[in-house]
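Colleague: Take a look at this one; I'll ask things after.
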Amino acid sequence: MYDVVIIGAGITGAMLSRKLSRYQLRIAVLEKENDTAEGATMANSAVIHTGYDPEDGTLKAELNVKGAQQYEEICRELHCLYKTVGAFIAACGPEEEAQLGVLAARADARGVPYRRLTREEAITEEPNLSDGVTAVLDFYTTAVVYPWEVANACMECACNNGVELFLNTPCQAIRREDGCFVIETPQGDIQTRYIVNAAGVHAEDIHAMVAAPSWHMTPRRGEYYVLDEDAKPVQHIIFPVPSKEKGKGVLAIPTVHGNTLIGPNSDFVDDPDDNGTSVDGLAYVCANIGKTLKNIPLNRSIRTFAGVRPTTTCPDFIIEEAADVPHFIDAVSIESPGLASAPAVADRLIEILAKSLELIPNEKAVMTRKAPVVLAECSPEERNALIRENPAYGRMICRCCQISEGEIVDCIRRTCGARSVKGIKKRVGAGFGRCQGGFCEPRVVHILARELGISPLEVEYGAKDSHILERENRV
Amino acid sequence: MEKELICVNCPMGCRLTAVIENDTVVSVSGNRCPKGKAYAETECIRPERILTTTVRIMGGIHRVLPVISERELPLDRIFEAMEVLRTVQVQAPVAVGDVVVPDILGTGVSIVAARSMEAV
Amino acid sequence: MKKVDAVIIGGGSAGLSAAVTLKKQGIEDILVIEKDGEPGGILEQCIHNGFGLQTFKEQLSGPAYAERYADMAKKLNVKILLNTMVTNLTADRIVEYVNAEEGCVQIQAGAVILAVGCYERPRGGINITGTRPTGIFTAGQAQRYLNIDGYMVGKRVFILGSGDIGLIMARRMTLEGAEVIGVAELMPYSNGLPRNMKQCLEDFNIPLMLSHTVSKVFGKERLERIEVVEVDENRNPIPGSEQYFDVDTLLLSCGLIPENHLAEHAGIVLNPATKGPVVDDRYMTSAEGIFACGNGLHVHDLVDFVSLQAERAAEGAAAYLKNGKPLGSTLQIKNGNQVSYCVPSQFYPDDPAEKLTVYFRVRTPLDAGTLVIRSGGQIIRKVKKRKLLPSVMEEAVLLGKQMNGLTDDITVEITGEE
């Protein structure tokens, strides 16, 4: 019998797992995919918004500000990349400038720092701003992270504190028995006192297993281009002025490692798993980035991708115990700014749990994790010391991102380690560069096979059964 | 009868014109070397190709060893030759040019190692 | 810091040829740095024949061609560091490399020759929409899995792009028992060598669909289906032309791009048309003492030309080490009508190379045309050409005496006149 089962190992479930792991509880996380952070956490804008945007009086406003304030510290504790790049909200014309005033007033009320820039001032820092941009608000504390890295690090930390993570474990049905829940999975039944529904785009399916929800999932897909790291059209995140209809609009985002994301659009989709890109979606991104920026070299795209936001009919986050099902708690509708809000969403969930669940601190819990070796960030002396100790750090596997065999082996062997080529890409970045794994993938396949003690034929690209190789050609 | 051909002997890819009378090539033009003439003569009667593939190698730095037919094989027997090579195993070390399968399918053409491979 | 006369980055066909030439030119203190476990580079997986006709008057397989050069290098005692990645290069020729034995090392080179090769354009550079299943490979990736590792990547295969690697993989996978459904080419003409069209597609009745592209892919874990569309003259999809093929594998053979990370970090000026460094008639880049050759300079269709140009680059580097830079300043060699790029693209009118072969490609296929090389109003050379194809690299030879004393840039163009 578990005290708490968290359904979903995205940023919300992972952040909650880590925060709950400081208490003496038996916790399980059920994830239907082959890795953590495979849903909306894998494919979003990766921005830690500071909290000026959500409407007054919403959970989004409150939790965004509180969540963003915790991020830098969490990333430090977990040795995750966190890069403050600043966000320019670029207004075109008097009407939008008036909107900037509204955002500034909200920021003032919420204690979010910013500065006002004239077009002339802004253009010296961002020469590619479009000719239509007339004024800018710079939310200079806005940061970017790798959301999947943060989620995975949280889960690793939680698992080191005793949380149990079950991958490839979809939740098929939920029964109530003797005052507790029985969750049916292909791997057998799991009993628990509490359930937290952090199932992202599938949250309605999960909720419907215990009661009819008062909201509906209306997933919205967003598509992006990823530009080569040597094409650096912007230094800051560039937003258009947000609107009620179009949300945050099409942005340009410098990522932690210096690539640039251009996107997203926003399209309602019927299938919550429909994360394919589309001609129309990408064309929309192309057409609309021109509102705030010019000279965007989309011809230097190395990749396009799409993510699906867990939008519901409720405009705000839904973080509450189901009215008719005690001990079943939703963390639902966590769309933007869900990434930035995640630490505060977790805090709110813990407050709800604490109403009926005794939380005794676990003195042995460690809220940090061992720093991964990142050779690219080491001095030559540090590298040499590492290579002397373990020569695998001297064998470079990913040419584009300069990632060594040692780093790849480390990320497989860690708690919550990589099990697939994509898992390695998410953890150390091998294959994120301009050749997109063309060079390193065959080498990564061999390392995975060796470390997992399986045949290269069994190595998966990402999802379960996504085998890369078909057969041995010469037995 | 005239036939237009692209010589596959080398990457120059010469455009050849062969004149055929009574199932015999009587003249070839467009070739930049004698191989082009020979190519056109066989191509019009019974096409031949160099075969390159791999065979399993034990104890080498890789699992497979590239091999090559030392001369052209009839194109219509290429798949048969592949069937033979599918089950061939060699042991490292191997030197480039070492015979892997002598006289494959009785064609008089040997399959040889396309590279040297040391034993590990 | 350790010093060495010349560092060659890359131990493939260009790097080995450059090393051999440097030794022959009397430059003894040289170092080749190779990222893989053996010299040879991409040739090791190019097991098909057709290499070396110019250089050795023989038809060798890729590995055999590489072995010839590796043997020459060995006889000349060329020092090759294997399993070693160059991690940084500066404009003043400090080379940083890393390997398991020595760790991270910096050396000062008198001259550097970039022989770094190229990479394949990935899916993201082509804009195929749809899901992200496994089963989509670049042709070279599938080639490595098959020819070096000994694994097949699929059973029912479609190929996008008629580049030579794609065509060669069509035959290779057919011979190994896969069913190759077809090859789509965005352009109205093939991008592969004519002989590969013949012996890789026609021999096996594999259809080539010109002016077609793969627009969308389907499948969750593994590729299940692709959508192929016809495109108009502006390469835009024609609505209603969609065809669907159930395949488990899609190979991408959509262009090779010189690998220029190191050059960019050293601040070397790149040519937007080739995506490799701009070089002068000695193959020297904009950074003094740093030379470039091979597929890292511009993408070749024949390895023989790679070896040949690497020799020129090595001669340039040797001359630089002995005598310093050529005299005077450079003039440009510009792309004229129908010419998409020229390499080299600079020359020294006051100190020209004895003989300079300018390599260029045409923009579109031409049945016939006249190569005209001019400088200002003066026509230097005129040569009739037949059957010009973008997939086939062309040459224009300039003699030192023709370049000597010129005051205007040179333009290379193809005119319609006979």
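If you're wondering about the labels, chains in the structure tokens are A, B, ... by order shown, residues count from 1 in each chain, ligands from 1 in order shown.
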Please return as a PyMOL selection string: the residues of segment 35-120 of chain A that backbone DSSP assigns to helix (DSSP H, G or I).
Modeller: chain A and resi 59-78+94-110+119-120
Colleague: Please provide the set of residues having any atom within 10 Å of Arg361 of chain C, restricted to only C-alpha atoms, with same-chain residues fewer than 5 positions apart removed, written as a list of chain:residue names.
Modeller: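 After dropping sequence-adjacent residues, the list is C:Asn335, C:Gln338, C:Val339, C:Ser340, C:Tyr341, C:Cys342, C:Val343, C:Leu388, C:Leu389, C:Pro390, C:Ser391, C:Val392, C:Met393, C:Glu394, C:Glu395.
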Colleague: Just to confirm, what's the straight-line distance from atom CA of Ile45 of chain B to atom CA of Asn31 of chain B in Å (one decimal)?
Modeller: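 These atoms are spaced 17.7 Å apart.
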Colleague: Return as a PyMOL selection string the residues belonging to chain A that are within 6 Å of chain C, counting only C-alpha atoms.
Modeller: chain A and resi 276-278+301-304+380+384+387+391+394-395+438+466+469-473
Colleague: Got a sec to tell me which of segment 159-321 of chain A DSSP assigns to strand (DSSP E or B), as a PyMOL selection string?
Modeller: chain A and resi 164-166+173-177+180-185+188-197+217+220-227+237-240+243+247+251-254+260-263+267-268+277+293+301-309+312+318-321
Colleague: Would you list which chain B residues are within 9 Å of chain A using only C-alpha atoms, as a compact mmCIF listing (two decimals) with N, CA and C atoms, in the first residue's frame?
Modeller:
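As written to disk, out_23.txt reads:
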```
# COMPACT_ATOMS: atom_id res chain seq x y z
N THR B 54 29.36 -7.43 -47.92
CA THR B 54 30.17 -7.75 -46.75
C THR B 54 29.99 -9.23 -46.41
N VAL B 55 30.96 -9.77 -45.67
CA VAL B 55 30.80 -11.10 -45.09
C VAL B 55 31.10 -11.00 -43.60
N ARG B 56 30.63 -11.97 -42.86
CA ARG B 56 30.87 -12.00 -41.42
C ARG B 56 32.34 -12.28 -41.16
N ARG B 63 32.38 -6.33 -37.10
CA ARG B 63 31.66 -7.61 -37.24
C ARG B 63 31.66 -8.10 -38.68
N VAL B 64 31.76 -7.14 -39.63
CA VAL B 64 31.69 -7.52 -41.03
C VAL B 64 32.89 -6.98 -41.80
N ARG B 86 26.12 -14.69 -48.04
CA ARG B 86 25.36 -14.48 -46.81
C ARG B 86 25.84 -15.41 -45.68
N THR B 87 26.32 -16.58 -46.03
CA THR B 87 26.67 -17.54 -44.98
C THR B 87 28.18 -17.73 -44.83
N VAL B 88 28.96 -16.95 -45.58
CA VAL B 88 30.43 -17.10 -45.50
C VAL B 88 30.94 -16.45 -44.22
N GLN B 89 31.87 -17.12 -43.56
CA GLN B 89 32.53 -16.51 -42.40
C GLN B 89 34.02 -16.56 -42.62
```
Colleague: Just want the 12 Å neighbourhood of segment 318-327 of chain A, counted on only C-alpha atoms, with same-chain residues fewer than 6 positions away dropped. Output as a VMD selection string.
Modeller: chain A and resid 3 to 6 12 58 to 60 63 174 to 176 179 to 181 192 to 198 200 203 to 204 206 to 217 310 to 312 333 to 335 338 341 to 342 344 to 357
Colleague: Write out as a Markdown table a residue-level contact list of chain B versus chain C with cut-off 9 Å: for each qualifying residue the closest pair of atoms and the distance in Å to one decimal, counting only C-alpha atoms, rows sorted by chain and residue number upward.
Modeller:
```
| residue | atom | partner | partner_atom | distance |
| --- | --- | --- | --- | --- |
| B:Leu5 | CA | C:Lys198 | CA | 9.0 |
| B:Ile6 | CA | C:Arg195 | CA | 6.1 |
| B:Cys7 | CA | C:Arg195 | CA | 6.4 |
| B:Val8 | CA | C:Arg195 | CA | 4.7 |
| B:Asn9 | CA | C:Gly50 | CA | 7.3 |
| B:Cys10 | CA | C:Gly50 | CA | 5.3 |
| B:Pro11 | CA | C:Gly50 | CA | 6.3 |
| B:Met12 | CA | C:Arg195 | CA | 8.0 |
| B:Gly13 | CA | C:Arg195 | CA | 5.2 |
| B:Cys14 | CA | C:Arg195 | CA | 8.4 |
| B:Arg15 | CA | C:Pro194 | CA | 9.0 |
| B:Arg49 | CA | C:Gln199 | CA | 8.1 |
| B:Ile50 | CA | C:Asn49 | CA | 7.5 |
| B:Leu51 | CA | C:His48 | CA | 8.0 |
| B:Thr52 | CA | C:His48 | CA | 5.5 |
| B:Thr53 | CA | C:Ile47 | CA | 7.0 |
| B:Thr54 | CA | C:Asn147 | CA | 6.8 |
| B:Val55 | CA | C:Gly150 | CA | 8.9 |
| B:Arg56 | CA | C:Gly150 | CA | 8.1 |
| B:His62 | CA | C:Ile148 | CA | 6.4 |
| B:Arg63 | CA | C:Asp149 | CA | 6.1 |
| B:Val64 | CA | C:Gly150 | CA | 5.8 |
| B:Leu65 | CA | C:Ile148 | CA | 7.8 |
| B:Pro66 | CA | C:Ile47 | CA | 6.0 |
| B:Val67 | CA | C:Ile47 | CA | 7.7 |
| B:Ile68 | CA | C:Ser61 | CA | 7.5 |
| B:Leu75 | CA | C:Asp203 | CA | 8.2 |
| B:Ile78 | CA | C:Leu175 | CA | 8.2 |
| B:Phe79 | CA | C:Leu175 | CA | 6.7 |
| B:Met82 | CA | C:Leu175 | CA | 7.0 |
| B:Arg86 | CA | C:Glu176 | CA | 8.7 |
| B:Val96 | CA | C:Ala64 | CA | 7.0 |
| B:Ala113 | CA | C:Ala64 | CA | 8.9 |
| B:Ala114 | CA | C:Ala64 | CA | 5.6 |
| B:Arg115 | CA | C:Ala64 | CA | 5.1 |
| B:Ser116 | CA | C:Glu67 | CA | 7.8 |
```
Colleague: Using only C-alpha atoms, determine which residues lie at most 12 Å from Glu31 of chain A, disregarding the query and same-chain residues fewer than 2 positions distant; provide the list as an NGL selection string.
Modeller: :A and (5-10 or 13-14 or 28-29 or 33-39 or 155 or 164-172 or 185 or 197-200 or 202 or 463)
Colleague: Point out the residue among C:Ile226, C:Ala178, C:Glu311, C:Lys3 with the least atom-to-atom distance to Gly110 of chain C, counting only C-alpha atoms.
Modeller: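 The shortest atom-to-atom distance to Gly110 of chain C comes from C:Lys3.
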Colleague: Name all residues at most 7 Å from Ala46 of chain A (count only C-alpha atoms; drop same-chain ones fewer than 3 positions away) and give them as an NGL selection string.
Modeller: :A and (144-147)
